[in-house]
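Dumped entry.pdb below, it's PDB, C-alpha atoms:
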ATOM      1  CA  MET A   6     108.381  15.825 -39.948
ATOM      2  CA  SER A   7     106.326  13.152 -41.659
ATOM      3  CA  GLU A   8     103.125  13.972 -43.532
ATOM      4  CA  ILE A   9     101.016  12.048 -41.014
ATOM      5  CA  ALA A  10     102.571  13.940 -38.092
ATOM      6  CA  MET A  11     101.896  17.276 -39.810
ATOM      7  CA  GLU A  12      98.293  16.224 -40.491
ATOM      8  CA  ALA A  13      97.859  15.142 -36.876
ATOM      9  CA  ALA A  14      99.237  18.497 -35.693
ATOM     10  CA  ARG A  15      96.910  20.348 -38.079
ATOM     11  CA  LEU A  16      93.902  18.387 -36.831
ATOM     12  CA  MET A  17      94.924  18.845 -33.208
ATOM     13  CA  ASP A  18      95.229  22.599 -33.764
ATOM     14  CA  MET A  19      91.519  22.734 -34.642
ATOM     15  CA  LEU A  20      90.516  21.424 -31.215
ATOM     16  CA  PRO A  21      89.486  23.570 -28.250
ATOM     17  CA  ASP A  22      92.346  24.133 -25.787
ATOM     18  CA  ASP A  23      91.131  21.542 -23.260
ATOM     19  CA  ASP A  24      90.942  18.901 -25.977
ATOM     20  CA  LYS A  25      94.360  19.912 -27.326
ATOM     21  CA  THR A  26      95.801  19.277 -23.879
ATOM     22  CA  PHE A  27      94.058  15.905 -23.696
ATOM     23  CA  ALA A  28      95.333  14.924 -27.163
ATOM     24  CA  TYR A  29      98.875  16.017 -26.272
ATOM     25  CA  GLU A  30      98.870  14.032 -23.023
ATOM     26  CA  PHE A  31      97.479  10.980 -24.858
ATOM     27  CA  ILE A  32     100.195  11.159 -27.528
ATOM     28  CA  LYS A  33     102.859  11.631 -24.848
ATOM     29  CA  LYS A  34     101.514   8.556 -23.015
ATOM     30  CA  LEU A  35     101.684   6.503 -26.242
ATOM     31  CA  VAL A  36     105.282   7.562 -26.886
ATOM     32  CA  MET A  37     106.333   6.824 -23.308
ATOM     33  CA  ALA A  38     104.711   3.361 -23.487
ATOM     34  CA  TRP A  39     106.548   2.684 -26.765
ATOM     35  CA  ASP A  40     109.927   3.912 -25.508
ATOM     36  CA  PRO A  41     109.959   4.902 -21.823
ATOM     37  CA  ASP A  42     113.653   5.813 -21.736
ATOM     38  CA  PHE A  43     113.862   7.336 -25.247
ATOM     39  CA  THR A  44     116.445   4.835 -26.503
ATOM     40  CA  LYS A  45     114.662   3.507 -29.584
ATOM     41  CA  THR A  46     115.447   4.991 -32.954
ATOM     42  CA  THR A  47     113.180   5.686 -35.868
ATOM     43  CA  PRO A  48     114.119   4.127 -39.223
ATOM     44  CA  ASP A  49     115.481   7.521 -40.336
ATOM     45  CA  GLU A  50     117.585   7.898 -37.188
ATOM     46  CA  ALA A  51     118.901   4.338 -37.526
ATOM     47  CA  GLU A  52     119.952   5.061 -41.125
ATOM     48  CA  ARG A  53     121.722   8.285 -40.131
ATOM     49  CA  ILE A  54     123.543   6.467 -37.323
ATOM     50  CA  ALA A  55     124.615   3.706 -39.714
ATOM     51  CA  GLN A  56     125.907   6.289 -42.211
ATOM     52  CA  ALA A  57     127.832   8.110 -39.483
ATOM     53  CA  GLU A  58     129.431   4.888 -38.283
ATOM     54  CA  LYS A  59     130.509   3.988 -41.839
ATOM     55  CA  SER A  60     131.917   7.468 -42.517
ATOM     56  CA  GLY A  61     134.790   7.352 -40.063
ATOM     57  CA  PHE A  62     132.746   7.972 -36.960
ATOM     58  CA  ILE A  63     134.900   7.728 -33.842
ATOM     59  CA  ASP A  64     133.449   6.576 -30.541
ATOM     60  CA  ASP A  65     134.113   9.085 -27.759
ATOM     61  CA  GLU A  66     135.568   6.264 -25.657
ATOM     62  CA  ASP A  67     138.376   5.958 -28.232
ATOM     63  CA  ILE A  68     139.437   9.608 -27.804
ATOM     64  CA  ASP A  69     142.144  10.553 -25.326
ATOM     65  CA  TRP A  70     140.437  13.701 -24.040
ATOM     66  CA  GLU A  71     143.457  14.612 -21.902
ATOM     67  CA  LYS A  72     145.641  15.097 -25.004
ATOM     68  CA  ILE A  73     143.135  17.100 -27.098
ATOM     69  CA  GLY A  74     144.687  20.381 -28.210
ATOM     70  CA  LYS A  75     148.201  19.591 -26.990
TER      71      LYS A  75
END

Could you write out this file's structure as structure tokens?
Amino acid sequence: MSEIAMEAARLMDMLPDDDKTFAYEFIKKLVMAWDPDFTKTTPDEAERIAQAEKSGFIDDEDIDWEKIGK
């Protein structure tokens, strides 16, 4: 978790419960507006995906699942 996310969580934890709920719902609304179907990647995720693809990653569509283990 990034430093800013940890700081935000620490600050949010200081709030009364009603305000914590409001802050949570606000953050959730921001995330959903940014990526409503959760398909975007963070820079860290994009780098990990790129590394996996370069390391011999095999797409599941290229696997003959019927012959696995035979």

Using the file's own x, y and z axes, what box holds all listed atoms of region 33-47 of chain A with 4 Å on each side, keeping edges along x, y and z, and what are its centre and edge lengths in Å to one decimal, as JSON?
{"center_x": 109.0, "center_y": 7.2, "center_z": -28.8, "size_x": 22.9, "size_y": 16.9, "size_z": 22.1}

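Computed from the coordinates, the CA of Lys45 (chain A) to CA of Lys33 (chain A) distance equals 15.1 Å.
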
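Taking CA of Asp24 (chain A) and CA of Thr47 (chain A) as endpoints, the distance between them is 27.7 Å.
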
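Note that CA of Ile9 (chain A) and CA of Thr46 (chain A) are 18.0 Å apart.
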
Fill in: Shortest interatomic distance to Asp49 (chain A) - which of A:Ala14, A:Phe62, A:Ser7, A:Tyr29, counting only C-alpha atoms
A:Ser7
